[in-house]
$ cat query-v1.cif   # mmCIF, C-alpha atoms
data_entry
#
loop_
_atom_site.label_atom_id
_atom_site.label_comp_id
_atom_site.auth_asym_id
_atom_site.auth_seq_id
_atom_site.Cartn_x
_atom_site.Cartn_y
_atom_site.Cartn_z
CA MET A 181 -8.58 -26.24 -1.57
CA ALA A 182 -6.35 -23.51 -0.19
CA PRO A 183 -5.56 -24.01 3.49
CA HIS A 184 -6.83 -20.60 4.61
CA LEU A 185 -10.48 -21.46 3.98
CA SER A 186 -12.41 -20.39 5.86
CA ALA A 187 -10.35 -17.42 6.99
CA ARG A 188 -11.03 -17.76 10.71
CA ALA A 189 -10.83 -21.53 10.65
CA ALA A 190 -7.60 -21.82 8.71
CA LEU A 191 -5.83 -18.93 10.37
CA GLY A 192 -7.01 -20.33 13.65
CA LEU A 193 -9.45 -18.37 15.76
CA ARG A 194 -6.90 -18.30 18.54
CA GLY A 195 -4.35 -16.76 16.19
CA VAL A 196 -6.71 -13.95 15.24
CA GLN A 197 -7.67 -13.40 18.87
CA ALA A 198 -4.02 -13.30 19.87
CA ALA A 199 -3.31 -10.70 17.23
CA GLU A 200 -6.29 -8.65 18.37
CA ALA A 201 -5.21 -8.90 22.00
CA PHE A 202 -1.75 -7.74 20.99
CA SER A 203 -3.31 -4.84 19.12
CA LYS A 204 -5.38 -3.77 22.14
CA SER A 205 -2.20 -3.61 24.22
CA GLN A 206 -0.84 -0.97 21.83
CA PRO A 207 -1.75 2.75 21.87
CA SER A 208 -4.84 3.50 19.79
CA ARG A 209 -4.52 5.94 16.92
CA SER A 210 -6.62 7.14 14.02
CA LEU A 211 -5.68 8.39 10.59
CA ARG A 212 -6.42 11.83 9.21
CA ASP A 213 -9.97 10.83 8.22
CA GLY A 214 -10.71 9.24 11.58
CA THR A 215 -10.46 5.69 10.25
CA PRO A 216 -8.33 3.42 12.46
CA ASP A 217 -6.15 2.01 9.72
CA PRO A 218 -4.08 -0.92 10.59
CA ARG A 219 -1.51 0.11 13.06
CA ASP A 220 -3.38 -2.19 15.32
CA GLY A 221 -0.78 -4.84 15.79
CA CYS A 222 2.30 -2.93 14.60
CA THR A 223 5.11 -3.83 16.97
CA THR A 224 6.49 -0.71 18.57
CA TRP A 225 10.07 0.48 18.49
CA LYS A 226 12.39 -1.37 20.82
CA GLY A 227 15.36 0.79 19.91
CA THR A 228 17.73 1.15 16.97
CA THR A 229 20.99 2.95 16.37
CA THR A 230 19.65 5.23 13.65
CA SER A 231 20.40 8.92 13.56
CA SER A 232 16.69 9.65 13.99
CA LYS A 233 16.57 8.19 17.50
CA ALA A 234 17.16 11.43 19.41
CA ALA A 235 14.79 13.45 17.26
CA ILE A 236 11.97 10.92 17.58
CA MET A 237 12.47 10.47 21.31
CA ALA A 238 12.22 14.22 21.79
CA THR A 239 8.49 14.11 20.96
CA LYS A 240 7.52 10.43 21.29
CA THR A 241 7.85 7.64 23.80
CA PRO A 242 9.13 4.21 22.67
CA SER A 243 5.60 2.76 23.01
CA ASP A 244 4.38 5.27 20.39
CA ILE A 245 6.88 4.31 17.71
CA PRO A 246 6.62 1.21 15.52
CA GLU A 247 9.97 -0.48 14.98
CA ALA A 248 10.03 0.36 11.28
CA ILE A 249 9.69 4.12 11.71
CA PRO A 250 13.32 5.09 12.54
CA HIS A 251 14.49 3.18 9.47
CA MET A 252 11.86 4.86 7.30
CA VAL A 253 12.64 8.33 8.67
CA ASP A 254 16.36 7.95 8.08
CA HIS A 255 15.73 6.71 4.55
CA VAL A 256 13.47 9.62 3.59
CA LEU A 257 15.79 12.22 5.12
CA ALA A 258 18.80 10.81 3.29
CA GLU A 259 16.89 10.71 0.00
CA LEU A 260 15.62 14.26 0.56
CA ARG A 261 19.15 15.56 1.13
CA ALA A 262 20.34 13.94 -2.10
CA HIS A 263 17.24 15.17 -3.92
CA ARG A 264 17.93 18.75 -2.89
CA VAL A 265 21.53 18.46 -4.05
CA ARG A 266 20.36 17.21 -7.45
CA HIS A 267 18.06 20.21 -7.80
CA ASP A 268 20.47 22.77 -6.39
CA GLY A 269 20.34 26.01 -8.32
CA GLN A 270 16.79 25.55 -9.57
CA PRO A 271 14.20 28.23 -8.76
CA ALA A 272 12.11 25.68 -6.84
CA VAL A 273 12.90 22.18 -5.62
CA PRO A 274 10.08 19.76 -6.49
CA PRO A 275 8.77 17.51 -3.71
CA LEU A 276 10.53 14.23 -3.13
CA ILE A 277 7.93 11.63 -4.16
CA VAL A 278 8.24 8.39 -2.19
CA GLY A 279 6.26 5.27 -3.03
CA VAL A 280 5.22 3.12 -0.06
CA GLN A 281 4.01 -0.43 -0.75
CA GLY A 282 2.80 -3.16 1.56
CA PRO A 283 0.01 -5.75 1.58
CA GLN A 284 -3.38 -5.26 3.22
CA GLY A 285 -3.27 -5.10 6.98
CA SER A 286 0.54 -4.89 7.10
CA GLY A 287 0.40 -1.44 8.67
CA LYS A 288 1.62 0.55 5.67
CA THR A 289 -1.08 3.21 5.99
CA TYR A 290 -0.50 3.64 9.68
CA LEU A 291 3.27 3.65 9.24
CA THR A 292 2.91 6.26 6.51
CA SER A 293 0.84 8.46 8.81
CA ILE A 294 3.42 8.20 11.61
CA LEU A 295 6.24 8.82 9.14
CA ARG A 296 4.43 11.97 8.04
CA ASP A 297 3.95 13.11 11.63
CA VAL A 298 7.61 12.60 12.57
CA LEU A 299 8.86 14.40 9.47
CA GLN A 300 6.55 17.34 10.15
CA GLU A 301 7.60 17.72 13.78
CA PRO A 302 10.79 19.38 15.08
CA PRO A 303 13.62 19.19 14.33
CA HIS A 304 12.71 18.30 10.73
CA ASN A 305 9.74 20.64 10.29
CA LEU A 306 9.03 19.37 6.79
CA SER A 307 5.84 19.85 4.80
CA VAL A 308 4.56 16.38 3.92
CA ALA A 309 1.58 15.36 1.77
CA VAL A 310 0.11 11.85 1.79
CA LEU A 311 -1.78 10.38 -1.15
CA SER A 312 -3.25 6.91 -0.84
CA LEU A 313 -3.88 4.62 -3.78
CA ASP A 314 -7.08 3.60 -2.00
CA ASP A 315 -8.35 7.16 -2.26
CA LEU A 316 -8.08 6.89 -6.04
CA TYR A 317 -10.61 4.08 -6.35
CA LEU A 318 -13.47 4.69 -8.71
CA PRO A 319 -16.64 5.89 -6.99
CA HIS A 320 -19.01 3.09 -5.99
CA GLY A 321 -21.08 3.55 -9.13
CA GLY A 322 -17.96 3.22 -11.27
CA LEU A 323 -16.89 0.05 -9.47
CA VAL A 324 -20.34 -1.48 -9.96
CA SER A 325 -20.35 -0.49 -13.62
CA LEU A 326 -16.89 -2.00 -14.16
CA ALA A 327 -17.94 -5.28 -12.58
CA ASN A 328 -21.16 -5.39 -14.62
CA THR A 329 -19.33 -4.61 -17.83
CA HIS A 330 -16.88 -7.48 -17.21
CA PRO A 331 -19.08 -10.10 -15.51
CA ASP A 332 -16.74 -12.97 -16.36
CA ASN A 333 -13.66 -11.41 -14.75
CA ALA A 334 -13.82 -12.24 -11.04
CA LEU A 335 -10.83 -9.98 -10.36
CA LEU A 336 -12.90 -6.91 -11.21
CA ARG A 337 -15.81 -7.69 -8.88
CA GLY A 338 -15.17 -4.86 -6.48
CA ARG A 339 -12.30 -2.54 -5.63
CA GLY A 340 -8.74 -3.73 -5.50
CA GLN A 341 -6.98 -4.72 -8.69
CA PRO A 342 -5.47 -2.35 -11.25
CA GLY A 343 -8.38 -1.19 -13.36
CA THR A 344 -10.52 -0.26 -10.35
CA HIS A 345 -8.76 3.09 -9.85
CA ASP A 346 -9.40 6.46 -11.46
CA VAL A 347 -6.22 6.57 -13.54
CA PRO A 348 -6.81 10.00 -15.15
CA LEU A 349 -7.42 11.51 -11.71
CA GLY A 350 -4.28 9.90 -10.30
CA THR A 351 -2.22 11.10 -13.25
CA GLU A 352 -3.53 14.63 -12.84
CA LEU A 353 -2.88 14.73 -9.10
CA LEU A 354 0.63 13.26 -9.24
CA ASN A 355 1.72 15.63 -11.97
CA LYS A 356 0.28 18.61 -10.07
CA LEU A 357 2.07 17.47 -6.92
CA LYS A 358 5.32 17.15 -8.86
CA ARG A 359 5.00 20.79 -9.99
CA ILE A 360 3.30 22.26 -6.93
CA ASN A 361 6.36 24.18 -5.74
CA SER A 362 6.91 26.01 -9.02
CA SER A 363 5.65 29.57 -9.12
CA SER A 364 3.30 28.92 -12.03
CA ASP A 365 1.64 25.93 -10.32
CA ALA A 366 1.82 27.04 -6.69
CA HIS A 367 -1.83 26.46 -5.86
CA GLU A 368 -3.56 24.45 -3.17
CA LEU A 369 -4.68 21.00 -4.25
CA GLU A 370 -7.52 18.84 -2.93
CA LEU A 371 -6.68 15.16 -2.60
CA PRO A 372 -9.62 12.72 -2.65
CA SER A 373 -10.70 10.37 0.13
CA PHE A 374 -12.39 6.95 -0.09
CA ASP A 375 -14.68 5.72 2.69
CA LYS A 376 -14.29 1.94 2.89
CA SER A 377 -17.14 1.50 5.37
CA LEU A 378 -19.91 2.54 2.96
CA TYR A 379 -22.12 0.10 1.03
CA ASP A 380 -21.46 -2.75 3.47
CA GLY A 381 -17.72 -2.47 3.03
CA GLU A 382 -17.70 -2.01 -0.75
CA GLY A 383 -16.82 1.65 -0.19
CA ASP A 384 -17.36 4.91 -2.03
CA ARG A 385 -15.51 8.16 -2.64
CA ALA A 386 -16.13 10.63 0.15
CA PRO A 387 -17.75 13.98 -0.75
CA ARG A 388 -14.71 15.88 0.49
CA GLY A 389 -11.03 15.18 0.52
CA HIS A 390 -8.23 17.13 2.17
CA VAL A 391 -6.33 20.14 0.89
CA VAL A 392 -2.54 20.43 0.60
CA ARG A 393 -0.69 23.68 -0.03
CA PRO A 394 2.77 24.54 -1.29
CA PRO A 395 5.57 24.42 -0.57
CA ILE A 396 5.72 20.65 -0.07
CA ASP A 397 8.96 18.87 0.77
CA VAL A 398 7.85 15.24 0.60
CA VAL A 399 4.93 13.37 -1.00
CA LEU A 400 4.22 9.88 0.36
CA PHE A 401 2.14 7.79 -2.06
CA GLU A 402 1.08 4.57 -0.37
CA GLY A 403 -0.87 1.57 -1.57
CA TRP A 404 -1.00 -2.19 -1.82
CA CYS A 405 0.13 -2.41 -5.46
CA VAL A 406 2.21 0.76 -5.67
CA GLY A 407 5.27 -0.07 -7.77
CA PHE A 408 3.81 -3.24 -9.33
CA TYR A 409 4.70 -3.80 -12.97
CA PRO A 410 3.04 -5.74 -15.81
CA ILE A 411 4.65 -8.94 -17.05
CA SER A 412 4.80 -10.77 -20.37
CA GLN A 413 2.03 -13.11 -21.46
CA ALA A 414 4.47 -16.03 -21.36
CA GLU A 415 5.50 -15.22 -17.78
CA ALA A 416 1.87 -14.86 -16.75
CA GLY A 417 1.17 -18.33 -18.14
CA ARG A 418 4.15 -19.79 -16.30
CA ARG A 419 3.07 -18.29 -12.96
CA TYR A 420 -0.54 -19.30 -13.46
CA ALA A 421 0.51 -22.95 -13.71
CA GLN A 422 2.44 -22.83 -10.41
CA PRO A 423 1.02 -23.38 -6.90
CA VAL A 424 0.49 -20.24 -4.79
CA LYS A 425 2.84 -20.57 -1.84
CA GLY A 426 0.97 -21.26 1.37
CA LEU A 427 -2.45 -21.26 -0.29
CA GLY A 428 -2.53 -24.58 -2.13
CA THR A 429 -1.92 -25.95 -5.58
CA ASP A 430 -5.18 -24.78 -7.16
CA PHE A 431 -5.81 -21.45 -5.42
CA LEU A 432 -6.27 -19.43 -8.62
CA GLN A 433 -8.39 -22.02 -10.36
CA SER A 434 -10.58 -22.77 -7.31
CA ARG A 435 -11.42 -19.07 -7.00
CA GLY A 436 -12.45 -18.88 -10.63
CA TYR A 437 -9.52 -16.67 -11.63
CA ARG A 438 -8.73 -17.47 -15.25
CA LEU A 439 -5.50 -16.69 -17.04
CA GLN A 440 -7.39 -14.29 -19.32
CA ASP A 441 -8.60 -12.43 -16.21
CA VAL A 442 -5.00 -11.96 -15.08
CA LEU A 443 -3.98 -10.80 -18.55
CA ASP A 444 -6.83 -8.28 -18.53
CA VAL A 445 -5.56 -6.80 -15.24
CA ASN A 446 -2.00 -6.98 -16.58
CA GLU A 447 -3.03 -4.79 -19.50
CA ARG A 448 -4.75 -2.30 -17.20
CA LEU A 449 -1.66 -2.11 -15.00
CA LYS A 450 0.32 -0.67 -17.89
CA SER A 451 -1.45 2.68 -17.45
CA TYR A 452 -0.11 2.93 -13.88
CA VAL A 453 3.54 2.82 -14.92
CA SER A 454 3.55 6.54 -15.74
CA TRP A 455 2.74 7.13 -12.06
CA TRP A 456 5.75 5.10 -10.95
CA ASP A 457 7.96 7.07 -13.33
CA LEU A 458 7.42 10.13 -11.12
CA PHE A 459 8.82 8.45 -7.99
CA ASP A 460 12.18 9.45 -6.53
CA ALA A 461 12.44 6.86 -3.75
CA PHE A 462 10.61 3.84 -2.38
CA ILE A 463 9.75 1.98 0.84
CA GLN A 464 8.40 -1.58 0.79
CA ILE A 465 6.80 -3.33 3.77
CA LYS A 466 7.14 -7.04 3.03
CA PRO A 467 5.92 -10.26 4.68
CA PRO A 468 8.49 -12.96 5.46
CA GLU A 469 9.61 -15.17 2.60
CA GLY A 470 8.03 -18.23 4.19
CA HIS A 471 4.59 -16.59 4.42
CA PRO A 472 4.25 -14.24 1.46
CA TYR A 473 0.44 -14.43 1.30
CA ASP A 474 -1.22 -16.33 4.17
CA TYR A 475 -0.42 -13.73 6.85
CA ILE A 476 -2.30 -11.16 4.78
CA TYR A 477 -5.62 -12.86 5.63
CA LYS A 478 -4.95 -12.61 9.36
CA TRP A 479 -3.76 -9.00 9.13
CA ARG A 480 -6.70 -7.85 7.04
CA LEU A 481 -9.24 -9.68 9.20
CA GLN A 482 -7.79 -8.09 12.31
CA GLN A 483 -7.88 -4.67 10.64
CA GLU A 484 -11.57 -5.06 9.79
CA HIS A 485 -12.43 -6.14 13.33
CA ASN A 486 -10.69 -3.09 14.76
CA MET A 487 -12.42 -0.73 12.33
CA LYS A 488 -15.86 -2.19 13.09
CA ALA A 489 -15.22 -2.01 16.83
CA ARG A 490 -14.72 1.72 16.51
CA ASN A 491 -17.33 2.73 13.96
CA GLY A 492 -20.38 0.91 15.31
CA GLY A 493 -19.98 -2.30 13.34
CA LYS A 494 -19.90 -0.92 9.78
CA GLY A 495 -17.78 -3.01 7.44
CA MET A 496 -17.33 -6.49 6.03
CA SER A 497 -18.14 -9.84 7.59
CA ASP A 498 -15.31 -12.34 8.08
CA GLU A 499 -16.42 -14.21 4.97
CA GLN A 500 -16.44 -10.98 2.97
CA VAL A 501 -12.94 -10.16 4.19
CA GLU A 502 -11.73 -13.55 3.04
CA LYS A 503 -13.20 -13.13 -0.43
CA PHE A 504 -11.91 -9.58 -0.52
CA VAL A 505 -8.32 -10.69 0.16
CA ASP A 506 -8.71 -13.57 -2.31
CA ARG A 507 -9.17 -11.01 -5.07
CA TYR A 508 -5.88 -9.28 -4.22
CA ILE A 509 -3.65 -12.35 -4.06
CA PRO A 510 -3.17 -12.63 -7.85
CA GLY A 511 -1.78 -9.09 -7.84
CA TYR A 512 1.01 -10.11 -5.48
CA VAL A 513 1.66 -13.37 -7.32
CA PHE A 514 1.88 -11.91 -10.82
CA PHE A 515 3.07 -8.34 -10.38
CA GLY A 516 4.52 -7.84 -6.88
CA ASP A 517 8.16 -8.60 -7.62
CA GLY A 518 8.27 -5.66 -10.02
CA VAL A 519 8.91 -3.36 -7.05
CA VAL A 520 12.48 -4.66 -6.96
CA SER A 521 13.02 -6.25 -10.37
CA GLY A 522 11.16 -3.83 -12.67
CA HIS A 523 9.74 -5.12 -15.92
CA GLU A 524 10.42 -6.04 -19.52
CA ASP A 525 9.41 -3.55 -22.16
CA ALA A 526 7.78 -4.46 -25.48
CA SER A 527 11.18 -5.24 -27.01
CA GLY A 528 12.07 -7.65 -24.21
CA LYS A 529 14.60 -5.29 -22.63
CA ARG A 530 14.68 -5.36 -18.83
CA SER A 531 14.01 -1.98 -17.23
CA SER A 532 14.76 -1.25 -13.59
CA PRO A 533 12.38 0.87 -11.51
CA PRO A 534 13.34 4.55 -11.26
CA TRP A 535 13.90 4.10 -7.50
CA THR A 536 16.59 1.43 -7.93
CA GLY A 537 19.35 2.42 -5.53
CA HIS A 538 16.86 4.53 -3.58
CA GLY A 539 14.66 1.79 -2.09
CA LEU A 540 14.20 0.56 1.48
CA GLN A 541 12.72 -2.88 2.20
CA VAL A 542 11.37 -3.63 5.68
CA GLN A 543 10.51 -7.29 6.21
CA ILE A 544 7.97 -7.91 8.98
CA GLY A 545 6.82 -11.01 10.83
CA GLU A 546 3.43 -12.37 11.84
CA TYR A 547 2.88 -9.65 14.43
CA ARG A 548 4.40 -6.97 12.20
CA GLU A 549 7.67 -7.02 14.10
CA VAL A 550 10.68 -5.98 12.03
CA LEU A 551 12.68 -9.03 10.93
CA HIS A 552 15.10 -7.49 8.46
CA VAL A 553 15.87 -4.16 6.80
CA ASP A 554 17.61 -3.90 3.46
CA ARG A 555 18.15 -1.42 0.65
CA PHE A 556 17.66 -2.00 -3.04
#
$ encode --input "query-v1.cif" --output "structure tokens"
Amino acid sequence: MAPHLSARAALGLRGVQAAEAFSKSQPSRSLRDGTPDPRDGCTTWKGTTTSSKAAIMATKTPSDIPEAIPHMVDHVLAELRAHRVRHDGQPAVPPLIVGVQGPQGSGKTYLTSILRDVLQEPPHNLSVAVLSLDDLYLPHGGLVSLANTHPDNALLRGRGQPGTHDVPLGTELLNKLKRINSSSDAHELELPSFDKSLYDGEGDRAPRGHVVRPPIDVVLFEGWCVGFYPISQAEAGRRYAQPVKGLGTDFLQSRGYRLQDVLDVNERLKSYVSWWDLFDAFIQIKPPEGHPYDYIYKWRLQQEHNMKARNGGKGMSDEQVEKFVDRYIPGYVFFGDGVVSGHEDASGKRSSPPWTGHGLQVQIGEYREVLHVDRF
């Protein structure tokens, strides 16, 4: 049995309470749709020597700024400068598309929102659009239908894994965003929104999204499995036979996740690769090597508590959160290292991600403090 069961027991109630107390000591913020996504607990900036320091301090106080933000701002600005040089002489410079990946509760959505705000404020004054992978989930009816159509695949019982997103919609939106600055495609674009609090936490697509208009300088596309790549059947079999670090020797088997379930998701993930091909740069928020998965339960549980405290109690129970995170873990185990290492094509040739040489990796600790920053 994996040591995190039950979530509150294995994480330790005191550990969750400590994280929540830490969160309450931090300034409270909401995202563009009013949902308090998981800053709650992001350690604030204690100071760096980045070139963004003066610009950020001009409009923010240190208590407003998570530690990771100056690193992320510098990375995007450097990539945008190089991007503009590459497109010098063209009638219109396409937006710089930046993938942002991090596990549930790590703060990626909140960090992305703050990154957007800083880039849009003086002295940068950039036009920034944010698209979330979560907002591309199938509507609730589609998620229910998918689960009913594949009753034996536990990985498809609810939103989360590749296969539960509206791939044609995502493809359409990303390609329109890529071309939005060109004169022939310079039209406003509505990006969808997904309300996770509906249907007792199962969620549904909101009736209205938000509109973005050209010109756009930067597109931030964030999500838990952004940049994940499919693997070979042989590699899937090898990983399936290994213990899941920090969660026990039989985690996959005890949750009813079969190898054929993983291979089904692996096949569905292939349709996402065309999205990644449009990326120019990347930012990864990563747990420490010693705790690649178990901290995710604490982070996501804390996130749900904070959301329910602010919306009148709508959302998942602790047990539902645990089962919810369970369903994501195979994604990290089987596909997560593709962000850095890429994938093998059908011929067995290794292909690097298009953002190789343009990636930033921010490793965070238990309380989302920055432990290490690297480029890849």
$ residues_near_point --input "query-v1.cif" --point "(-15.1, 3.5, -12.9)" --cutoff "6 Å" --atoms "only C-alpha atoms" --output "PyMOL selection string"
chain A and resi 318+322-323+326
$ closest_residue --input "query-v1.cif" --among "A:Leu353, A:Ala309, A:Val278, A:Leu257" --to "Pro534 (chain A)" --atoms "all atoms listed in the file"
A:Val278
$ closest_residue --input "query-v1.cif" --among "A:Glu370, A:Asp474, A:Asp397, A:Asp332" --to "His263 (chain A)" --atoms "only C-alpha atoms"
A:Asp397
$ residues_around --input "query-v1.cif" --residues "region 333-347 of chain A" --least-positions-apart "6" --cutoff "8 Å" --atoms "all atoms listed in the file" --output "ChimeraX atom specification"
/A:313,316-318,323-324,326-327,382,436-438,441-442,445-446,448-449,451-452,507-508,511
$ residues_around --input "query-v1.cif" --residues "His320 (chain A)" --least-positions-apart "6" --cutoff "8 Å" --atoms "all atoms listed in the file" --output "JSON, numbers by chain"
{"A": [382, 383, 384, 385]}
$ resolve_selection --input "query-v1.cif" --expression "the PyMOL selection byres ((chain A and resi 473) around 12)" --output "PyMOL selection string"
chain A and resi 182-184+191+282-286+424-428+431+466-472+474-480+505-506+508-513+516+545-546
$ residues_around --input "query-v1.cif" --residues "Ser312 (chain A)" --least-positions-apart "5" --cutoff "7 Å" --atoms "all atoms listed in the file" --output "CSV table (one decimal) with C-alpha atoms, in the frame of the given file"
chain,number,residue,atom,x,y,z
A,401,PHE,CA,2.1,7.8,-2.1
A,402,GLU,CA,1.1,4.6,-0.4
A,403,GLY,CA,-0.9,1.6,-1.6
$ residues_around --input "query-v1.cif" --residues "Gly539 (chain A)" --least-positions-apart "5" --cutoff "8 Å" --atoms "only C-alpha atoms" --output "ChimeraX atom specification"
/A:461-464,555-556
$ residues_around --input "query-v1.cif" --residues "Asp375 (chain A)" --least-positions-apart "2" --cutoff "10 Å" --atoms "all atoms listed in the file" --output "PDB file with C-alpha atoms, in the coordinates of the input"
ATOM      1  CA  ASP A 213      -9.970  10.830   8.220  1.00  0.00           C
ATOM      2  CA  THR A 215     -10.460   5.690  10.250  1.00  0.00           C
ATOM      3  CA  ASP A 314      -7.080   3.600  -2.000  1.00  0.00           C
ATOM      4  CA  ASP A 315      -8.350   7.160  -2.260  1.00  0.00           C
ATOM      5  CA  PRO A 319     -16.640   5.890  -6.990  1.00  0.00           C
ATOM      6  CA  SER A 373     -10.700  10.370   0.130  1.00  0.00           C
ATOM      7  CA  SER A 377     -17.140   1.500   5.370  1.00  0.00           C
ATOM      8  CA  LEU A 378     -19.910   2.540   2.960  1.00  0.00           C
ATOM      9  CA  TYR A 379     -22.120   0.100   1.030  1.00  0.00           C
ATOM     10  CA  GLY A 381     -17.720  -2.470   3.030  1.00  0.00           C
ATOM     11  CA  GLU A 382     -17.700  -2.010  -0.750  1.00  0.00           C
ATOM     12  CA  GLY A 383     -16.820   1.650  -0.190  1.00  0.00           C
ATOM     13  CA  ASP A 384     -17.360   4.910  -2.030  1.00  0.00           C
ATOM     14  CA  ARG A 385     -15.510   8.160  -2.640  1.00  0.00           C
ATOM     15  CA  ALA A 386     -16.130  10.630   0.150  1.00  0.00           C
ATOM     16  CA  PRO A 387     -17.750  13.980  -0.750  1.00  0.00           C
TER      17      PRO A 387
END
$ atom_distance --input "query-v1.cif" --atom1 "CA of Val501 (chain A)" --atom2 "CA of Arg435 (chain A)"
14.4 Å
$ resolve_selection --input "query-v1.cif" --expression "the PyMOL selection byres ((chain A and resi 460) around 12)" --output "ChimeraX atom specification"
/A:255-256,258-260,262-264,266,274-280,358,398-401,407,455-459,461-463,533-539
